[in-house]
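A.B. asks: Before I ask anything, let me first share the structure, which is written out below as structure tokens.
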Number of protein chains: 2
Amino acid sequence: MAQKIKLSTIAETLGISTATVSLALRDSPLVASATREKIKEQARTLGYIYNRRAASLRTSRSGIIGVVVHDIMNPFYGEILKAIESELDRSQHTFILSNHYDSVEKQRNFIETLLQLGGDGVIMSPAIGTPIEDVKLAEQNGMPAILVARSMEGVDMPTYRGDDSYGISLATNHLIGLGHRVIAMIGGTDQTSTGRDRYQGYVNALRKAGIEVDPELRIPGPRSKQGGFEAAVHFLSLPQKPTAAVCWNDLVAIGLMNGISRAGLTPGVDISVTGYDDLEEAAIATPALTTVWNGQAEVGRLAARALLDRLLGSHEPDGIHLIKPEMRIRQSTGPINRR
Amino acid sequence: MAQKIKLSTIAETLGISTATVSLALRDSPLVASATREKIKEQARTLGYIYNRRAASLRTSRSGIIGVVVHDIMNPFYGEILKAIESELDRSQHTFILSNHYDSVEKQRNFIETLLQLGGDGVIMSPAIGTPIEDVKLAEQNGMPAILVARSMEGVDMPTYRGDDSYGISLATNHLIGLGHRVIAMIGGTDQTSTGRDRYQGYVNALRKAGIEVDPELRIPGPRSKQGGFEAAVHFLSLPQKPTAAVCWNDLVAIGLMNGISRAGLTPGVDISVTGYDDLEEAAIATPALTTVWNGQAEVGRLAARALLDRLLGSHEPDGIHLIKPEMRIRQSTGPINRR
DNA sequence: AGCGTGACTCAAATCGTTTAATTAAAATGT
DNA sequence: ACATTTTAATTAAACGATTTGAGTCACGCT
């Protein structure tokens, strides 16, 4: 690291002004092409590194986009992120990632850091209990925000997510169609819009089929494999002996199936299980998981596009954009088989 | 967004100089505590947002640390990242994450972007085929780099990873001890140091037990569940009829077990399977996976600590730090049971 | 010859901090 | 009372890019 190469280094060694160098490197038509080539060549041989902070201080655009979700290790968010990444990639944006683990404080810290760095925009899946001010904070400081996967009540920010109520009712109806009447709902929470919507979808489907809703059959819990695995014991000891389970997501479903197998029962035969999200993993689980496609890739792609469009000035209408889920029937569900 | 609040806004409204404000906000003892409080109060009510790019332009420290690995969605890296994150968190650093998917180009882009942003340091798990210049690039521009999970030949940069050769030999020996003689090795590649080390560990263990090494028993492939799942067919049709499989990692092992189950065989009884890494998931797989703990959390923690130490000036000795793996015996392996 | 035009290039101001050098004021010691 | 030290606040120069208005030059046209 001899010494830092900057615009002026290039300028001096070439006997021209930094203004010209700056323009040339950005392919401005204002500089003669011969000069431009000479400059670029020199930049390359000197090993010049563009200083974004200096540039961004002047231009107030940083090329940074923040993304904050509950947990990037969760494949559900992973699939969203992957879509965002590939969309952002082709547009010269760097993205900064963070988990909030549903801590409002962690989330606010992230937003503040992003503002300090001059982030151009943020895509977030709001933490449980996010106060409106926190989301507004971004917008107020000129940093557009897009919501994914979860929406917030009373906020009409652009939001992209699946239609949870409809999706879960698809799964529930599928089970009802197979003859199941005692259907449990495993995993999740009431504290997010998603949670309430999903429970609602389950309740609606049961009611429409004339089945009474038994609150005992709702077993909330962590939205992870571990959560599903641990719920199995409780599930299997329910007095009403459910023959099927609608799970919060694929992870819970896979965990639950593992737990059921451990207890000597066969998922898909003794007990039908549905997942939600249609993760890549669902198709190779044993048995292959019947689930609901939830369009993660679509959500990510659309959210990223919406943000990029907004950065380019187009002010698309706000509001919630729902992706329509679809059933994916595999081997983890089957006709009722009373135990 | 009325207008941007800056140091000078605070200074003017209070009738003092920006220098004082700057010092006060950073708790410098140079400013009287009464003044300091007044300033902080004002900053709060005005909604002041610290401009890191301006500061960092001046100080040339950005508080940004880059992390680039093969795939953040892979739980193996996920567990490393989690450890890095929690270590970095308490030290006021923002971290920027990226996948390189083993594309050298993507990786170099990331390093360049990080340099442009003035990153303070980088933790990387080098992509296959990374040229030495790319890693040197960081160091040459004053950005210390730490390697995790994979090492690079001929580079004595600080590296933290598991002892792969030893770890795989643990797994292989375990199977040999159970009476298995025809043991396949599933998944992975020869193109990384990790890959060569692991294969070496497998070969060493077999040789030491006087078992001939049959190259047909090596089935390379993607290091994912999908990869393991797809390898099952090939594995089950091998002419030598292996009774056990040493898998590249837990994902491959779980995929393989799913594939074996689909074929009507029972993993852990008909065929013994070992994983590698001891992901959280291993314990709840069906059957619970016998695997090798590979200290991801340890690797992440140590790497982050090493980087932070280096940023504080302490120049710890370079070189490779190996974490010693440990066997975790569960139900996916058992005494030989010739089919 | 004079003028307008177009093509390049440049000087200088600016972005919002930090910090070394400096001054001013207050406290301390003799 | 005066010199000295301490404390508090200020001035002004960076940091490295971008951008605008102005300047220079060569050329063609009347």
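Note on naming: chains are A, B, ... as they come in the structure tokens, residues start from 1 per chain, ligands start from 1 in the order shown.
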Distance table requested - chain D against chain B, cut-off 10 Å, only C-alpha atoms (C1' of nucleotides): one row per qualifying residue with the closest atom pair and its distance in Å to one decimal, ordered by chain and rising residue number, as a Markdown table.

C.D. replies:
| residue | atom | partner | partner_atom | distance |
| --- | --- | --- | --- | --- |
| D:DT7 | C1' | B:Leu30 | CA | 7.9 |
| D:DA8 | C1' | B:Val31 | CA | 6.2 |
| D:DA9 | C1' | B:Thr20 | CA | 6.7 |
| D:DT10 | C1' | B:Ser17 | CA | 6.6 |
| D:DT11 | C1' | B:Ala19 | CA | 9.3 |
| D:DA14 | C1' | B:Arg58 | CA | 7.6 |
| D:DC15 | C1' | B:Arg58 | CA | 4.3 |
| D:DG16 | C1' | B:Leu57 | CA | 7.5 |

A.B. asks: From a backbone DSSP assignment, name each residue in range 94-277 of chain B labelled helix (DSSP H, G or I), as a ChimeraX atom specification.

C.D. replies: /B:104-116,132-140,164-177,193-208,215-217,225-236,250-262

A.B. asks: Should the cut-off be 6 Å, what would the residue list for chain B against chain A look like, counting only C-alpha atoms, as a ChimeraX atom specification?

C.D. replies: /B:1,50-53,73,78,96,116-117,140-141,258,286

A.B. asks: Atoms to include: N, CA and C atoms. Write the selected residues as an mmCIF file, in the first residue's frame.

C.D. replies:
data_model
loop_
_atom_site.group_PDB
_atom_site.id
_atom_site.type_symbol
_atom_site.label_atom_id
_atom_site.label_comp_id
_atom_site.auth_asym_id
_atom_site.auth_seq_id
_atom_site.Cartn_x
_atom_site.Cartn_y
_atom_site.Cartn_z
ATOM 1 N N MET B 1 -39.427 15.414 5.101
ATOM 2 C CA MET B 1 -37.986 15.683 4.989
ATOM 3 C C MET B 1 -37.760 17.164 4.733
ATOM 4 N N TYR B 50 -26.320 11.298 11.966
ATOM 5 C CA TYR B 50 -24.880 11.313 11.748
ATOM 6 C C TYR B 50 -24.553 10.885 10.330
ATOM 7 N N ASN B 51 -23.737 11.625 9.661
ATOM 8 C CA ASN B 51 -23.377 11.282 8.293
ATOM 9 C C ASN B 51 -22.040 10.543 8.268
ATOM 10 N N ARG B 52 -22.162 9.226 8.185
ATOM 11 C CA ARG B 52 -20.952 8.413 8.258
ATOM 12 C C ARG B 52 -20.036 8.577 7.071
ATOM 13 N N ARG B 53 -20.621 8.865 5.905
ATOM 14 C CA ARG B 53 -19.732 8.961 4.764
ATOM 15 C C ARG B 53 -18.832 10.181 4.898
ATOM 16 N N MET B 73 -27.366 -19.035 2.356
ATOM 17 C CA MET B 73 -28.538 -19.842 2.659
ATOM 18 C C MET B 73 -28.161 -21.229 3.148
ATOM 19 N N GLY B 78 -24.409 -20.290 7.400
ATOM 20 C CA GLY B 78 -25.319 -19.556 8.254
ATOM 21 C C GLY B 78 -24.864 -19.574 9.699
ATOM 22 N N ILE B 96 -21.483 -6.226 5.823
ATOM 23 C CA ILE B 96 -22.054 -6.383 4.498
ATOM 24 C C ILE B 96 -21.787 -7.802 4.051
ATOM 25 N N GLN B 116 -14.206 0.279 -2.296
ATOM 26 C CA GLN B 116 -14.779 1.571 -2.649
ATOM 27 C C GLN B 116 -15.527 2.187 -1.477
ATOM 28 N N LEU B 117 -16.155 1.321 -0.705
ATOM 29 C CA LEU B 117 -16.901 1.812 0.455
ATOM 30 C C LEU B 117 -15.983 2.075 1.636
ATOM 31 N N GLN B 140 -3.397 -5.110 0.100
ATOM 32 C CA GLN B 140 -2.623 -4.021 -0.496
ATOM 33 C C GLN B 140 -3.291 -2.673 -0.320
ATOM 34 N N ASN B 141 -4.598 -2.695 -0.277
ATOM 35 C CA ASN B 141 -5.290 -1.435 -0.098
ATOM 36 C C ASN B 141 -5.673 -1.198 1.357
ATOM 37 N N ASN B 258 -33.068 -39.429 2.725
ATOM 38 C CA ASN B 258 -34.389 -39.314 2.111
ATOM 39 C C ASN B 258 -34.473 -40.194 0.873
ATOM 40 N N THR B 286 -34.621 -37.702 10.699
ATOM 41 C CA THR B 286 -35.090 -39.056 10.970
ATOM 42 C C THR B 286 -34.388 -40.016 10.044
#

A.B. asks: What gap, in Å, lies between CA of Tyr160 in chain A and CA of Ile323 in chain A?

C.D. replies: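 Answer for the CA of Tyr160 in chain A to CA of Ile323 in chain A separation: 7.4 Å.
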
A.B. asks: If we count only C-alpha atoms (C1' of nucleotides), what is near Val182 in chain B at a cut-off of 10 Å, once residues fewer than 3 positions away on the same chain are taken out, given as a ChimeraX atom specification?

C.D. replies: /B:175-176,179,206,211-214,217,240-245
